[in-house]
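Single-structure report; data block below.
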Amino acid sequence: MARVVAVNAHPEVTFEHELEALTPIGVAIERLRVGSDEELLAAAADADVVVPMGYRLSAAAVAGLVHCRHIPSGGIGVDHIDVEAATAHGILVTNMADTFVEEVANHTWMLLLLVARRGLWLHGMATSGRWAEALDQLFPVQRLAMPRVTGQTLGLVSFGRIARAVARRAQAFGMEVVAFDPYVADDVFAAHGVERVSVDEVFRRGDVVSCHLPWTAETTLMIGERYFRLMKPSAIFLNTGRGKVVDERGLIRALEEGRIAGAGLDVLEQEPPDPANPLLRMANVAITPHMASVSDVSSVARRRLLGRQIADALLARVPVGVVNPAALESWRGRGRWLV
Ligand SMILES: NC(=O)c1ccc[n+]([C@@H]2O[C@H](COP(=O)([O-])OP(=O)(O)OC[C@H]3O[C@@H](n4cnc5c(N)ncnc54)[C@H](O)[C@@H]3O)[C@@H](O)[C@H]2O)c1
């Protein structure tokens with residue numbers, strides 16, 4: 001019997017969608033609550049599949065999972081799993097591939113319009129008895145900047161699945177799109193009608209700069225002061241990727257000094273944030289609590305996919321969403337298959 005262990009799953013998660021693919025092959029999901037790698041390994045060193053939910057799987061923990069063949073991530077990001085260690089031990093790591101790309105792109109678009117069109121301020125004025133006062137700032141003499149968006153340039157940092165979905169929305173709104181991603185081939189940019197530029201050009205040319213970087217050793221604090229200094233004073237910065245890729249002090253300084261016009265953030269360097277974080281009190285900054293992937297559709301689809309990925313991996317079939325294909329060869333030799 002294969003042992004599938006969900007580490008630190010929320011007590012209300014019942015796994016009914018994951019089990020749709022697992023029950024027919026006689027596999028159950030076991031819950032485990034641990035506070036350390038020692039506790040994890042004491043209880044689950046022989047697990048075939050480990051699902052870290054609200055738990056960070058270190059290289060040492062991965063090395064100690066002697067029979068493990070699969071570590072699925074319930075998200076697109078895999079920064080809570082030591083992927084290098086998994087690859088070294090022939091363990092497949094999978095992610096949610098394109099399950100909620102549209103949700104994150106829609107959320108990015110909401111933040112873009114909310115900040116560009118001063119949605120937070122307008123709502124506050126309209127609902128607090130200051131309707132006429134708000135209009136006084138805008139008609140007949142326009143005292144506040146209010147971009148048209150259409151005709152502006154969107155700069156994308158990274159050009160993966162989510163960034164491409166955001167580019168499609170920008171093009172539908174009549175924006176020009178430029179992007180930086182050293183790992184994407186020229187023909188992909190061309191196929192999407194997006195101009196390939198340097199990272200400096202993204203920040204220089206973007207009226208909106210939207211960041212969709214994964215969090216890796218290379219991208220940690222990659223977006224710092226230097227880049228914010230390249231931006232136009234009228235420009236907006238968005239991040240729905242990962243908070244730890246942005247040096248937040250640089251972003252805060254740029255906003256405080258009026259060197260950029262605003263920001264829309266679903267992710268922060270520290271989550272939940274320190275209540276003293278100045279970003280929480282800025283009128284031109286829209287913040288959501290790292291939930292861009294959520295929708296009625298994705299909340300079920302992500303769990304079904306997780307179950308299918310586990311079933312496939314246990315049946316020696318390569319699951320969708322493998323992020324470390326380099327592990328495939330040694331994974332095939334790891335044995336203990338259900339078939
Ligand atoms: N806010 C949320 O709820 C939420 C939800 C889903 C995903 N995310 C984040 O969004 C990220 C992107 O998701 P995706 O589906 O587009 O992933 P993806 O794997 O399709 O694309 C990531 C892109 O980043 C590029 N990249 C990597 N390192 C880079 C670097 N140093 N410079 C420039 N580009 C670089 C890669 O080449 C790739 O094209 C995920 O890694 C995840 O962390 C956040």
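We label chains A, B, ... in the order they appear in the structure tokens, count residues from 1 in each chain, and number ligands from 1 in the order shown.
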
TODO: Please write out the residues within 8 Å of ligand 1 as a ChimeraX atom specification, counting only C-alpha atoms and all ligand atoms.
DONE: /A:75-79,97-98,100-101,104,157-164,180-184,199,212-216,218-219,222,239-242,266-267,290-294

Open item on the list: Give me the residues near A:Arg204 as number ranges by chain, where near means some atom within 10 Å (using only C-alpha atoms) and where sequence neighbours in that chain fewer than 5 positions away do not count.
Closed with: A: 155, 198-199, 209, 227-232, 235

Could you list, with a cut-off of 12 Å and counting only C-alpha atoms, the residues of stretch 172-237 of chain A near stretch 126-148 of chain A, each shown with its nearest atom pair and the distance in Å rounded to one decimal, rows sorted by chain and ascending number, as JSON lines?
```
{"residue": "A:Phe173", "atom": "CA", "partner": "A:Arg148", "partner_atom": "CA", "distance": 10.1}
{"residue": "A:Gly174", "atom": "CA", "partner": "A:Arg148", "partner_atom": "CA", "distance": 10.3}
{"residue": "A:Met175", "atom": "CA", "partner": "A:Arg148", "partner_atom": "CA", "distance": 10.2}
{"residue": "A:Asp207", "atom": "CA", "partner": "A:Pro147", "partner_atom": "CA", "distance": 9.2}
{"residue": "A:Val208", "atom": "CA", "partner": "A:Pro147", "partner_atom": "CA", "distance": 10.6}
{"residue": "A:Pro233", "atom": "CA", "partner": "A:Ala145", "partner_atom": "CA", "distance": 11.1}
{"residue": "A:Ser234", "atom": "CA", "partner": "A:Ala145", "partner_atom": "CA", "distance": 8.2}
{"residue": "A:Ala235", "atom": "CA", "partner": "A:Pro147", "partner_atom": "CA", "distance": 9.6}
{"residue": "A:Ile236", "atom": "CA", "partner": "A:Pro147", "partner_atom": "CA", "distance": 10.5}
```

Would you mind exporting the chosen residues as a CSV table (one decimal), in the first residue's frame, restricted to all heavy atoms?
```
chain,number,residue,atom,x,y,z
A,173,PHE,N,-6.8,45.8,-24.3
A,173,PHE,CA,-7.1,47.2,-23.8
A,173,PHE,C,-6.3,48.2,-24.6
A,173,PHE,O,-6.3,49.4,-24.2
A,173,PHE,CB,-6.7,47.3,-22.3
A,173,PHE,CG,-7.8,47.0,-21.4
A,173,PHE,CD1,-8.2,45.6,-21.2
A,173,PHE,CD2,-8.4,47.9,-20.6
A,173,PHE,CE1,-9.3,45.3,-20.4
A,173,PHE,CE2,-9.4,47.6,-19.7
A,173,PHE,CZ,-9.9,46.3,-19.6
A,174,GLY,N,-5.7,47.8,-25.7
A,174,GLY,CA,-5.0,48.7,-26.6
A,174,GLY,C,-3.6,49.2,-26.0
A,174,GLY,O,-3.2,50.3,-26.3
A,175,MET,N,-3.0,48.3,-25.2
A,175,MET,CA,-1.7,48.7,-24.7
A,175,MET,C,-0.6,48.0,-25.5
A,175,MET,O,-0.8,46.9,-26.1
A,175,MET,CB,-1.5,48.2,-23.2
A,175,MET,CG,-2.4,48.9,-22.2
A,175,MET,SD,-2.1,48.3,-20.5
A,175,MET,CE,-0.8,49.4,-20.0
A,207,ASP,N,4.6,52.1,-18.6
A,207,ASP,CA,3.7,52.9,-17.8
A,207,ASP,C,3.2,52.1,-16.6
A,207,ASP,O,2.9,52.6,-15.6
A,207,ASP,CB,2.6,53.4,-18.7
A,207,ASP,CG,3.1,54.4,-19.8
A,207,ASP,OD1,3.7,55.4,-19.5
A,207,ASP,OD2,3.0,54.0,-21.0
A,208,VAL,N,3.1,50.8,-16.9
A,208,VAL,CA,2.8,49.8,-15.8
A,208,VAL,C,3.9,48.8,-16.0
A,208,VAL,O,4.2,48.3,-17.0
A,208,VAL,CB,1.5,49.2,-16.0
A,208,VAL,CG1,1.2,48.1,-15.0
A,208,VAL,CG2,0.3,50.2,-16.1
A,233,PRO,N,7.9,58.8,-13.3
A,233,PRO,CA,7.2,59.2,-12.1
A,233,PRO,C,5.7,58.9,-12.2
A,233,PRO,O,5.0,58.8,-11.2
A,233,PRO,CB,7.4,60.7,-12.0
A,233,PRO,CG,8.2,61.1,-13.2
A,233,PRO,CD,8.6,59.9,-14.0
A,234,SER,N,5.1,58.7,-13.4
A,234,SER,CA,3.7,58.5,-13.6
A,234,SER,C,3.4,56.9,-13.6
A,234,SER,O,2.3,56.5,-13.7
A,234,SER,CB,3.2,59.0,-14.9
A,234,SER,OG,4.0,58.5,-16.0
A,235,ALA,N,4.5,56.1,-13.4
A,235,ALA,CA,4.3,54.7,-13.6
A,235,ALA,C,3.9,54.0,-12.4
A,235,ALA,O,4.0,54.4,-11.3
A,235,ALA,CB,5.6,54.1,-14.1
A,236,ILE,N,3.3,52.8,-12.6
A,236,ILE,CA,2.7,51.9,-11.6
A,236,ILE,C,3.5,50.6,-11.6
A,236,ILE,O,3.8,50.1,-12.6
A,236,ILE,CB,1.2,51.7,-11.9
A,236,ILE,CG1,0.4,52.9,-11.7
A,236,ILE,CG2,0.7,50.5,-11.0
A,236,ILE,CD1,-0.9,52.8,-12.3
```

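All residues of stretch 129-290 of chain A that DSSP, run on the backbone, classes as strand (DSSP E or B) are Thr153, Leu154, Gly155, Leu156, Val157, Glu176, Val177, Val178, Ala179, Phe180, Glu195, Arg196, Val208, Val209, Ser210, Cys211, Ile223, Ile236, Phe237, Leu238, Asn239, Val246, Gly262, Ala263, Gly264, Leu265, Val285, Ala286 and Ile287 of chain A.
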
- [ ] as a ChimeraX atom specification, list the residues of stretch 138-178 of chain A assigned to helix (DSSP H, G or I) by DSSP on the backbone atoms of this structure.
- [x] /A:138,161-172

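In this model, the gap between atom CA of A:Glu257 and atom CA of A:Met282 comes to 12.1 Å.
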
Open item on the list: Using only C-alpha atoms, which protein or nucleic acid residues come within 10 Å of A:Trp121? Drop anything in the same chain fewer than 4 positions from it, and give the result as a list of chain:residue names.
Closed with: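 That gives A:Leu114, A:Val115, A:Arg117, A:Met125, A:Ala126, A:Ala134, A:Ala283, A:Asn284.
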
For the residues in that selection, give me N, CA, C and O atoms as a short mmCIF file (atom, residue, chain, number, x, y, z; two decimals), in the first residue's frame.
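Saved the output as result33.cif:
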```cif
data_model
loop_
_atom_site.label_atom_id
_atom_site.label_comp_id
_atom_site.auth_asym_id
_atom_site.auth_seq_id
_atom_site.Cartn_x
_atom_site.Cartn_y
_atom_site.Cartn_z
N LEU A 114 -7.39 49.24 -10.69
CA LEU A 114 -7.69 49.83 -9.38
C LEU A 114 -6.69 50.95 -9.07
O LEU A 114 -7.08 52.02 -8.58
N VAL A 115 -5.42 50.70 -9.36
CA VAL A 115 -4.40 51.72 -9.04
C VAL A 115 -4.41 52.83 -10.10
O VAL A 115 -4.46 54.02 -9.78
N ARG A 117 -6.74 53.81 -12.18
CA ARG A 117 -7.96 54.61 -12.20
C ARG A 117 -8.37 55.09 -10.80
O ARG A 117 -9.50 55.52 -10.61
N MET A 125 -14.16 58.08 -1.41
CA MET A 125 -14.81 59.40 -1.50
C MET A 125 -16.32 59.23 -1.72
O MET A 125 -17.14 59.87 -1.05
N ALA A 126 -16.69 58.35 -2.64
CA ALA A 126 -18.11 58.19 -2.99
C ALA A 126 -18.93 57.65 -1.83
O ALA A 126 -20.11 57.94 -1.70
N ALA A 134 -14.75 64.72 -4.54
CA ALA A 134 -13.97 63.91 -5.48
C ALA A 134 -14.07 64.49 -6.89
O ALA A 134 -13.06 64.66 -7.59
N ALA A 283 -2.08 55.59 0.24
CA ALA A 283 -3.35 55.72 -0.48
C ALA A 283 -3.24 55.26 -1.93
O ALA A 283 -4.25 54.87 -2.53
N ASN A 284 -2.04 55.28 -2.49
CA ASN A 284 -1.86 54.91 -3.90
C ASN A 284 -1.35 53.47 -4.05
O ASN A 284 -0.79 53.11 -5.08
#
```

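Neighbouring residues of A:Gly243 at 7 Å or closer, counting only C-alpha atoms and skipping chain neighbours under 3 positions away, are Val246, Val267, Leu268 and Glu269 of chain A.
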
TODO: Calculate how many Å separate atom CA of A:Glu20 from atom CA of A:Leu306, rounding to one decimal.
DONE: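 Computing the Euclidean distance for atom CA of A:Glu20 and atom CA of A:Leu306 yields 10.3 Å.
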
TODO: To one decimal in Å, tell me the separation between atom CA of A:Val188 and atom CA of A:Gln171.
DONE: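 Computed distance, atom CA of A:Val188 to atom CA of A:Gln171, equals 15.6 Å.
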
Task: Spatial neighbours of A:Leu315, max dist 12 Å, only C-alpha atoms, sep filter under 4 positions, as a list in words - done: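 Once the nearby chain positions are removed, what remains is Ala2, Ala21, Leu22, Ile25, Gly26, Val27, Asp48, Arg69, His70, Arg308, Gln309, Ile310, Ala311, Pro319, Arg332, Gly335, Arg336, Trp337, Leu338 and Val339 of chain A.
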